[in-house]
Amino acid sequence: MRSIYLDNAATTPVHPDVAKAMRPFLRDSFGNPSSMHSAGQEARVAVEEARDKVASLIGAGSEEIVFTSGGTEADNFALKGMAYANDGGRNHIITSSVEHHAVLETCKFLERLGFTVTCLPVDGSGLVDPDGVKRAITKRTLLISVMHANNEVGTIEPIAEIGRIAREAGISFHTDAVQTTGHIPVKVDDLGVDMLAMSAHKLGGPKGVGALYVRKGTRIESFVHGGEQENGRRASTENVPGVVGFGKAAEIAQRESDKQAKRLTPLRDRLTRGLTERIDYIRLNGHPTGRLPNNVNMSVDGVEGEQMLLILNARGICVSTGSACSASSSEPSHVLLALGLSQEQARGSIRLSLGRETVERDIDRVLAVLPGIVNELRTVPASARGTMAEGAAAGTALRDAILKYETEKRTQMMCRFSHLRCLTCPASGIGKGCTLAKWQLAKRRSGAWG
């Protein structure tokens, strides 16, 4: 049976043309782009050509693109770089409650340095109110940071309107566009942003490379110090194969993203409608129409999202329960809680994100399988639910096991159920086995999963 991958919001498969473009720079054209000899200059030309392609995708100047190790570093660079360049007169940052952890955790770090942060609420669809942004501005506001579209629920934020507010107030504006770049129109002048974060592996490029757009004239301080790479804005030898792959992915996206969005939107709507019709007590999370063309995030009452994920995975369908960066956390999604969902509703959510390789029969397969899974889980006797609830507590044990491994440098095992390194899994022969693994094995042996 064909494996179905519906977790493109976490990462996308590398486009074949991207892999082909990268291949020479993994072995033959291996020069350091800072070197003066011909091998180095060959690499330098490739990096600059890729920079041109990434800049073209978002309507920027090539000199405004700084390559990074990914979207998380780009977000960190924007916030910390702006804070470090601050002359002391402004120390206030405005952001939203549904930002990626790359922004929220950076804000928490800056608070420890004496900055103040206003974290704006969102409505039930996940939208930030531009008037709320305007009201939050003070004379000490240094930066506004609101993501372009949410990575969990797909809601597209009113960035252009917030950009006008920021521009009128003379305040720098950053947006995390990791989920939108290469998928919907992203032009920096239309959005009115001064900084914009991107990641290659979200649009068919390789992992480990991203970029930050920095509008010409924006005061920003490097927080990676060393050499003079990236015009002195980000030290470290460039990841030449990755950068080349990013450039090729940007070139493909500029040519094909509109067509892909038009193809995926009806598939997304068909999946949403089909699940709503076939499953009782289910709701779509995020804006009903103002959302990414590939994102479906649903909450199912009476069922844990992780249970659905694991059983779908056993049947060859890959989905997620939210942000991949928080997959090892047993806490409910901060995004869903910010939308007003209860903890139970948040824990009962799954995200299905479509991609370039998604076709109609994949949607048909999910619609044929998932309703039955939900019905099976809902009919589990109440006496057994305590055992299932123990699965959440297993997350703590798994994280403790990871820490133990990192500390003692012992042989790691990959838990076949949670995809985490675990020293207590019965498959490893170490310890007595975690609760999650024992529950999953018991379900399999009982034949409850079919």
# chains A, B, ... in the order shown; residues from 1 in each chain; ligands from 1
$ residues_around --residues "Arg23 of chain A" --least-positions-apart "6" --cutoff "10 Å" --atoms "only C-alpha atoms" --output "ChimeraX atom specification"
/A:29,241,244-245
$ write_last_selection --atoms "N, CA and C atoms" --output "short mmCIF file (atom, residue, chain, number, x, y, z; two decimals), in the first residue's frame"
data_model
loop_
_atom_site.label_atom_id
_atom_site.label_comp_id
_atom_site.auth_asym_id
_atom_site.auth_seq_id
_atom_site.Cartn_x
_atom_site.Cartn_y
_atom_site.Cartn_z
N SER A 29 32.40 20.41 -6.59
CA SER A 29 32.59 21.86 -6.39
C SER A 29 32.53 22.16 -4.90
N PRO A 241 26.06 23.66 -0.45
CA PRO A 241 25.04 22.79 -1.06
C PRO A 241 23.63 23.17 -0.63
N VAL A 244 22.56 26.45 -2.35
CA VAL A 244 22.23 26.16 -3.76
C VAL A 244 20.86 25.50 -3.85
N GLY A 245 20.59 24.54 -2.94
CA GLY A 245 19.30 23.89 -2.94
C GLY A 245 18.17 24.84 -2.62
#
$ residues_around --residues "Leu212 of chain A" --least-positions-apart "4" --cutoff "12 Å" --atoms "only C-alpha atoms" --output "ChimeraX atom specification"
/A:51,54-55,58,60,62-79,81,174-178,181,188,193-200,220,222,230,233-234
$ residues_around --residues "segment 341-353 of chain A" --least-positions-apart "6" --cutoff "7 Å" --atoms "only C-alpha atoms" --output "list of chain:residue names"
A:Leu6, A:Asp7, A:Asn8, A:Ala9, A:Glu152, A:Asn294, A:Asn295, A:Val296, A:Asn297, A:Met298, A:Ser299, A:Val300, A:Asp301, A:Val303, A:Glu304, A:Gly305, A:Val319, A:Ser320, A:Thr321, A:Gly322, A:Pro332, A:Ser333
$ select_by_dssp --residues "segment 85-149 of chain A" --states "alpha helix (DSSP H)" --output "PyMOL selection string"
chain A and resi 85+101-112+130-136
$ residues_around --residues "Arg268 of chain A" --least-positions-apart "5" --cutoff "12 Å" --atoms "only C-alpha atoms" --output "PyMOL selection string"
chain A and resi 6+154+260-263+273-275+284+288-289+291-297+351-355+358-360+362-364+366
$ write_last_selection --atoms "C-alpha atoms" --output "compact mmCIF listing (two decimals), in the first residue's frame"
# COMPACT_ATOMS: atom_id res chain seq x y z
CA LEU A 6 0.44 14.56 5.19
CA GLY A 154 -2.88 27.75 8.97
CA GLN A 260 0.11 24.30 -6.57
CA ALA A 261 -2.10 26.50 -4.37
CA LYS A 262 -4.96 26.22 -6.86
CA ARG A 263 -4.52 22.44 -6.94
CA ARG A 273 -15.75 18.64 4.43
CA GLY A 274 -15.38 14.86 4.33
CA LEU A 275 -14.12 14.59 7.90
CA LEU A 284 -11.94 22.84 12.15
CA PRO A 288 -12.43 28.76 7.78
CA THR A 289 -11.28 30.46 4.56
CA ARG A 291 -5.92 29.91 5.75
CA LEU A 292 -3.04 28.21 3.97
CA PRO A 293 -4.09 26.14 0.94
CA ASN A 294 -2.62 22.95 2.41
CA ASN A 295 -3.57 23.10 6.10
CA VAL A 296 -6.32 21.10 7.85
CA ASN A 297 -6.30 21.15 11.67
CA ARG A 351 -2.92 18.48 11.69
CA LEU A 352 -2.98 17.18 8.14
CA SER A 353 -0.87 19.28 5.80
CA LEU A 354 -0.90 18.54 2.09
CA GLY A 355 1.97 18.94 -0.33
CA THR A 358 -0.65 14.76 -2.37
CA VAL A 359 -3.30 13.46 -4.76
CA GLU A 360 -7.03 12.72 -4.60
CA ASP A 362 -4.67 10.14 -0.58
CA ILE A 363 -7.64 12.20 0.58
CA ASP A 364 -9.96 9.25 -0.18
CA VAL A 366 -7.84 9.28 4.95
$ closest_residue --among "A:Gln254, A:Thr379, A:Ser172, A:Thr106" --to "Asn86 of chain A" --atoms "only C-alpha atoms"
A:Ser172
$ closest_residue --among "A:His15, A:Arg2, A:His100, A:Arg164" --to "Phe246 of chain A" --atoms "only C-alpha atoms"
A:His15
$ closest_residue --among "A:Val335, A:Val153, A:Met1, A:Ala250" --to "Arg283 of chain A" --atoms "only C-alpha atoms"
A:Val153
$ closest_residue --among "A:Val240, A:Leu312, A:Val209, A:Leu120" --to "Glu49 of chain A" --atoms "only C-alpha atoms"
A:Val240
$ atom_distance --atom1 "atom CA of Gly316 of chain A" --atom2 "atom CA of Ser3 of chain A"
4.9 Å
$ atom_distance --atom1 "atom CA of Leu113 of chain A" --atom2 "atom CA of Lys80 of chain A"
10.6 Å
$ residues_around --residues "Ile171 of chain A" --least-positions-apart "6" --cutoff "12 Å" --atoms "only C-alpha atoms" --output "JSON, numbers by chain"
{"A": [82, 90, 91, 92, 93, 94, 133, 134, 137, 138, 139, 140, 141, 142, 143, 144, 145, 162, 163, 164, 165, 192, 193, 194, 195, 218, 219]}
$ select_by_dssp --residues "segment 112-282 of chain A" --states "strand (DSSP E or B)" --output "NGL selection string"
:A and (116-120 or 141-145 or 149 or 155-156 or 172-176 or 181 or 184 or 195-199 or 210-214 or 282)
$ decode --residues "segment 195-334 of chain A" --atoms "C-alpha atoms" --output "PDB file, in the first residue's frame"
ATOM      1  CA  MET A 195      12.515  41.620   8.287  1.00  0.00           C
ATOM      2  CA  LEU A 196      11.148  38.289   7.084  1.00  0.00           C
ATOM      3  CA  ALA A 197      12.214  34.750   8.063  1.00  0.00           C
ATOM      4  CA  MET A 198      12.265  31.826   5.601  1.00  0.00           C
ATOM      5  CA  SER A 199      13.237  28.150   5.656  1.00  0.00           C
ATOM      6  CA  ALA A 200      14.261  26.025   2.682  1.00  0.00           C
ATOM      7  CA  HIS A 201      12.878  22.682   3.841  1.00  0.00           C
ATOM      8  CA  LYS A 202       9.326  24.029   3.946  1.00  0.00           C
ATOM      9  CA  LEU A 203       9.276  24.534   0.163  1.00  0.00           C
ATOM     10  CA  GLY A 204      11.040  21.511  -1.281  1.00  0.00           C
ATOM     11  CA  GLY A 205      14.553  22.512  -0.290  1.00  0.00           C
ATOM     12  CA  PRO A 206      17.036  20.866   2.100  1.00  0.00           C
ATOM     13  CA  LYS A 207      17.043  21.100   5.882  1.00  0.00           C
ATOM     14  CA  GLY A 208      19.655  23.190   7.656  1.00  0.00           C
ATOM     15  CA  VAL A 209      19.380  26.369   5.597  1.00  0.00           C
ATOM     16  CA  GLY A 210      17.117  29.402   5.749  1.00  0.00           C
ATOM     17  CA  ALA A 211      17.317  33.139   5.291  1.00  0.00           C
ATOM     18  CA  LEU A 212      16.409  36.435   6.869  1.00  0.00           C
ATOM     19  CA  TYR A 213      15.343  39.316   4.689  1.00  0.00           C
ATOM     20  CA  VAL A 214      16.607  42.579   6.192  1.00  0.00           C
ATOM     21  CA  ARG A 215      15.329  45.730   4.521  1.00  0.00           C
ATOM     22  CA  LYS A 216      18.091  48.100   3.487  1.00  0.00           C
ATOM     23  CA  GLY A 217      18.666  50.669   6.216  1.00  0.00           C
ATOM     24  CA  THR A 218      17.362  48.479   9.061  1.00  0.00           C
ATOM     25  CA  ARG A 219      19.652  48.620  12.101  1.00  0.00           C
ATOM     26  CA  ILE A 220      20.430  45.076  13.171  1.00  0.00           C
ATOM     27  CA  GLU A 221      23.396  43.602  15.031  1.00  0.00           C
ATOM     28  CA  SER A 222      24.872  40.190  14.226  1.00  0.00           C
ATOM     29  CA  PHE A 223      24.632  37.649  17.017  1.00  0.00           C
ATOM     30  CA  VAL A 224      26.937  35.092  15.365  1.00  0.00           C
ATOM     31  CA  HIS A 225      30.435  36.535  15.474  1.00  0.00           C
ATOM     32  CA  GLY A 226      33.589  35.423  13.715  1.00  0.00           C
ATOM     33  CA  GLY A 227      34.403  35.967  10.059  1.00  0.00           C
ATOM     34  CA  GLU A 228      32.972  38.496   7.611  1.00  0.00           C
ATOM     35  CA  GLN A 229      30.624  36.158   5.764  1.00  0.00           C
ATOM     36  CA  GLU A 230      27.223  37.447   4.626  1.00  0.00           C
ATOM     37  CA  ASN A 231      28.597  41.003   4.449  1.00  0.00           C
ATOM     38  CA  GLY A 232      29.556  40.851   8.109  1.00  0.00           C
ATOM     39  CA  ARG A 233      26.024  40.091   9.256  1.00  0.00           C
ATOM     40  CA  ARG A 234      26.373  36.365   9.969  1.00  0.00           C
ATOM     41  CA  ALA A 235      29.742  34.691  10.568  1.00  0.00           C
ATOM     42  CA  SER A 236      30.382  31.059   9.535  1.00  0.00           C
ATOM     43  CA  THR A 237      31.264  29.436   6.235  1.00  0.00           C
ATOM     44  CA  GLU A 238      28.161  29.252   4.097  1.00  0.00           C
ATOM     45  CA  ASN A 239      26.409  25.910   3.664  1.00  0.00           C
ATOM     46  CA  VAL A 240      27.017  25.927  -0.081  1.00  0.00           C
ATOM     47  CA  PRO A 241      25.036  22.786  -1.061  1.00  0.00           C
ATOM     48  CA  GLY A 242      22.165  23.885   1.158  1.00  0.00           C
ATOM     49  CA  VAL A 243      22.177  27.426  -0.165  1.00  0.00           C
ATOM     50  CA  VAL A 244      22.232  26.163  -3.755  1.00  0.00           C
ATOM     51  CA  GLY A 245      19.297  23.885  -2.936  1.00  0.00           C
ATOM     52  CA  PHE A 246      17.407  26.773  -1.355  1.00  0.00           C
ATOM     53  CA  GLY A 247      17.962  28.858  -4.452  1.00  0.00           C
ATOM     54  CA  LYS A 248      16.683  26.120  -6.738  1.00  0.00           C
ATOM     55  CA  ALA A 249      13.645  25.527  -4.500  1.00  0.00           C
ATOM     56  CA  ALA A 250      12.887  29.260  -4.586  1.00  0.00           C
ATOM     57  CA  GLU A 251      13.161  29.268  -8.376  1.00  0.00           C
ATOM     58  CA  ILE A 252      10.718  26.350  -8.643  1.00  0.00           C
ATOM     59  CA  ALA A 253       8.320  27.909  -6.150  1.00  0.00           C
ATOM     60  CA  GLN A 254       8.283  31.206  -8.008  1.00  0.00           C
ATOM     61  CA  ARG A 255       7.302  29.337 -11.145  1.00  0.00           C
ATOM     62  CA  GLU A 256       4.823  26.841  -9.690  1.00  0.00           C
ATOM     63  CA  SER A 257       3.422  28.030  -6.328  1.00  0.00           C
ATOM     64  CA  ASP A 258       0.274  29.610  -7.767  1.00  0.00           C
ATOM     65  CA  LYS A 259      -0.555  26.427  -9.645  1.00  0.00           C
ATOM     66  CA  GLN A 260       0.108  24.304  -6.568  1.00  0.00           C
ATOM     67  CA  ALA A 261      -2.097  26.502  -4.366  1.00  0.00           C
ATOM     68  CA  LYS A 262      -4.957  26.220  -6.858  1.00  0.00           C
ATOM     69  CA  ARG A 263      -4.520  22.444  -6.941  1.00  0.00           C
ATOM     70  CA  LEU A 264      -4.280  21.954  -3.169  1.00  0.00           C
ATOM     71  CA  THR A 265      -7.101  24.248  -2.050  1.00  0.00           C
ATOM     72  CA  PRO A 266      -9.947  22.012  -3.315  1.00  0.00           C
ATOM     73  CA  LEU A 267      -8.197  18.939  -1.894  1.00  0.00           C
ATOM     74  CA  ARG A 268      -7.931  20.714   1.471  1.00  0.00           C
ATOM     75  CA  ASP A 269     -11.606  21.669   1.382  1.00  0.00           C
ATOM     76  CA  ARG A 270     -12.650  18.182   0.345  1.00  0.00           C
ATOM     77  CA  LEU A 271     -10.716  16.682   3.249  1.00  0.00           C
ATOM     78  CA  THR A 272     -12.213  19.170   5.712  1.00  0.00           C
ATOM     79  CA  ARG A 273     -15.746  18.639   4.434  1.00  0.00           C
ATOM     80  CA  GLY A 274     -15.380  14.861   4.326  1.00  0.00           C
ATOM     81  CA  LEU A 275     -14.122  14.593   7.899  1.00  0.00           C
ATOM     82  CA  THR A 276     -16.839  16.938   9.145  1.00  0.00           C
ATOM     83  CA  GLU A 277     -19.533  14.878   7.439  1.00  0.00           C
ATOM     84  CA  ARG A 278     -18.207  11.511   8.610  1.00  0.00           C
ATOM     85  CA  ILE A 279     -17.185  12.266  12.210  1.00  0.00           C
ATOM     86  CA  ASP A 280     -19.465  13.669  14.902  1.00  0.00           C
ATOM     87  CA  TYR A 281     -18.230  16.278  17.368  1.00  0.00           C
ATOM     88  CA  ILE A 282     -15.359  17.474  15.221  1.00  0.00           C
ATOM     89  CA  ARG A 283     -14.302  21.057  14.492  1.00  0.00           C
ATOM     90  CA  LEU A 284     -11.938  22.841  12.153  1.00  0.00           C
ATOM     91  CA  ASN A 285      -9.328  24.929  13.950  1.00  0.00           C
ATOM     92  CA  GLY A 286      -8.203  28.209  12.437  1.00  0.00           C
ATOM     93  CA  HIS A 287      -9.871  30.552  10.000  1.00  0.00           C
ATOM     94  CA  PRO A 288     -12.432  28.763   7.780  1.00  0.00           C
ATOM     95  CA  THR A 289     -11.284  30.464   4.564  1.00  0.00           C
ATOM     96  CA  GLY A 290      -8.330  32.777   5.304  1.00  0.00           C
ATOM     97  CA  ARG A 291      -5.917  29.913   5.746  1.00  0.00           C
ATOM     98  CA  LEU A 292      -3.045  28.215   3.972  1.00  0.00           C
ATOM     99  CA  PRO A 293      -4.089  26.140   0.941  1.00  0.00           C
ATOM    100  CA  ASN A 294      -2.624  22.949   2.405  1.00  0.00           C
ATOM    101  CA  ASN A 295      -3.571  23.096   6.099  1.00  0.00           C
ATOM    102  CA  VAL A 296      -6.318  21.098   7.852  1.00  0.00           C
ATOM    103  CA  ASN A 297      -6.296  21.150  11.669  1.00  0.00           C
ATOM    104  CA  MET A 298      -9.174  19.325  13.360  1.00  0.00           C
ATOM    105  CA  SER A 299     -10.185  18.705  16.980  1.00  0.00           C
ATOM    106  CA  VAL A 300     -12.074  15.496  17.692  1.00  0.00           C
ATOM    107  CA  ASP A 301     -13.970  15.278  20.970  1.00  0.00           C
ATOM    108  CA  GLY A 302     -13.341  12.235  23.139  1.00  0.00           C
ATOM    109  CA  VAL A 303     -10.133  11.158  21.387  1.00  0.00           C
ATOM    110  CA  GLU A 304      -6.481  12.044  21.926  1.00  0.00           C
ATOM    111  CA  GLY A 305      -4.629  13.373  18.913  1.00  0.00           C
ATOM    112  CA  GLU A 306      -1.610  11.194  19.633  1.00  0.00           C
ATOM    113  CA  GLN A 307      -3.795   8.078  19.562  1.00  0.00           C
ATOM    114  CA  MET A 308      -5.099   9.005  16.114  1.00  0.00           C
ATOM    115  CA  LEU A 309      -1.586   9.818  14.917  1.00  0.00           C
ATOM    116  CA  LEU A 310      -0.125   6.499  16.040  1.00  0.00           C
ATOM    117  CA  ILE A 311      -2.880   4.383  14.516  1.00  0.00           C
ATOM    118  CA  LEU A 312      -2.804   6.335  11.259  1.00  0.00           C
ATOM    119  CA  ASN A 313       0.950   5.862  11.185  1.00  0.00           C
ATOM    120  CA  ALA A 314       0.490   2.107  11.636  1.00  0.00           C
ATOM    121  CA  ARG A 315      -1.715   2.213   8.548  1.00  0.00           C
ATOM    122  CA  GLY A 316       0.792   4.119   6.444  1.00  0.00           C
ATOM    123  CA  ILE A 317      -0.534   7.664   6.891  1.00  0.00           C
ATOM    124  CA  CYS A 318       1.777  10.307   8.375  1.00  0.00           C
ATOM    125  CA  VAL A 319       0.130  13.267  10.146  1.00  0.00           C
ATOM    126  CA  SER A 320       1.006  15.342  13.205  1.00  0.00           C
ATOM    127  CA  THR A 321      -0.604  16.718  16.332  1.00  0.00           C
ATOM    128  CA  GLY A 322       0.891  20.187  15.834  1.00  0.00           C
ATOM    129  CA  SER A 323       4.288  21.807  15.535  1.00  0.00           C
ATOM    130  CA  ALA A 324       7.099  19.321  14.928  1.00  0.00           C
ATOM    131  CA  CYS A 325       9.306  21.465  17.171  1.00  0.00           C
ATOM    132  CA  SER A 326       7.040  20.583  20.128  1.00  0.00           C
ATOM    133  CA  ALA A 327       6.445  16.919  19.304  1.00  0.00           C
ATOM    134  CA  SER A 328       8.216  15.655  22.441  1.00  0.00           C
ATOM    135  CA  SER A 329       6.142  17.848  24.749  1.00  0.00           C
ATOM    136  CA  SER A 330       3.176  16.390  26.617  1.00  0.00           C
ATOM    137  CA  GLU A 331       1.646  19.856  27.005  1.00  0.00           C
ATOM    138  CA  PRO A 332      -1.324  20.857  24.818  1.00  0.00           C
ATOM    139  CA  SER A 333      -0.647  23.271  21.965  1.00  0.00           C
ATOM    140  CA  HIS A 334      -0.270  26.886  23.061  1.00  0.00           C
TER     141      HIS A 334
END
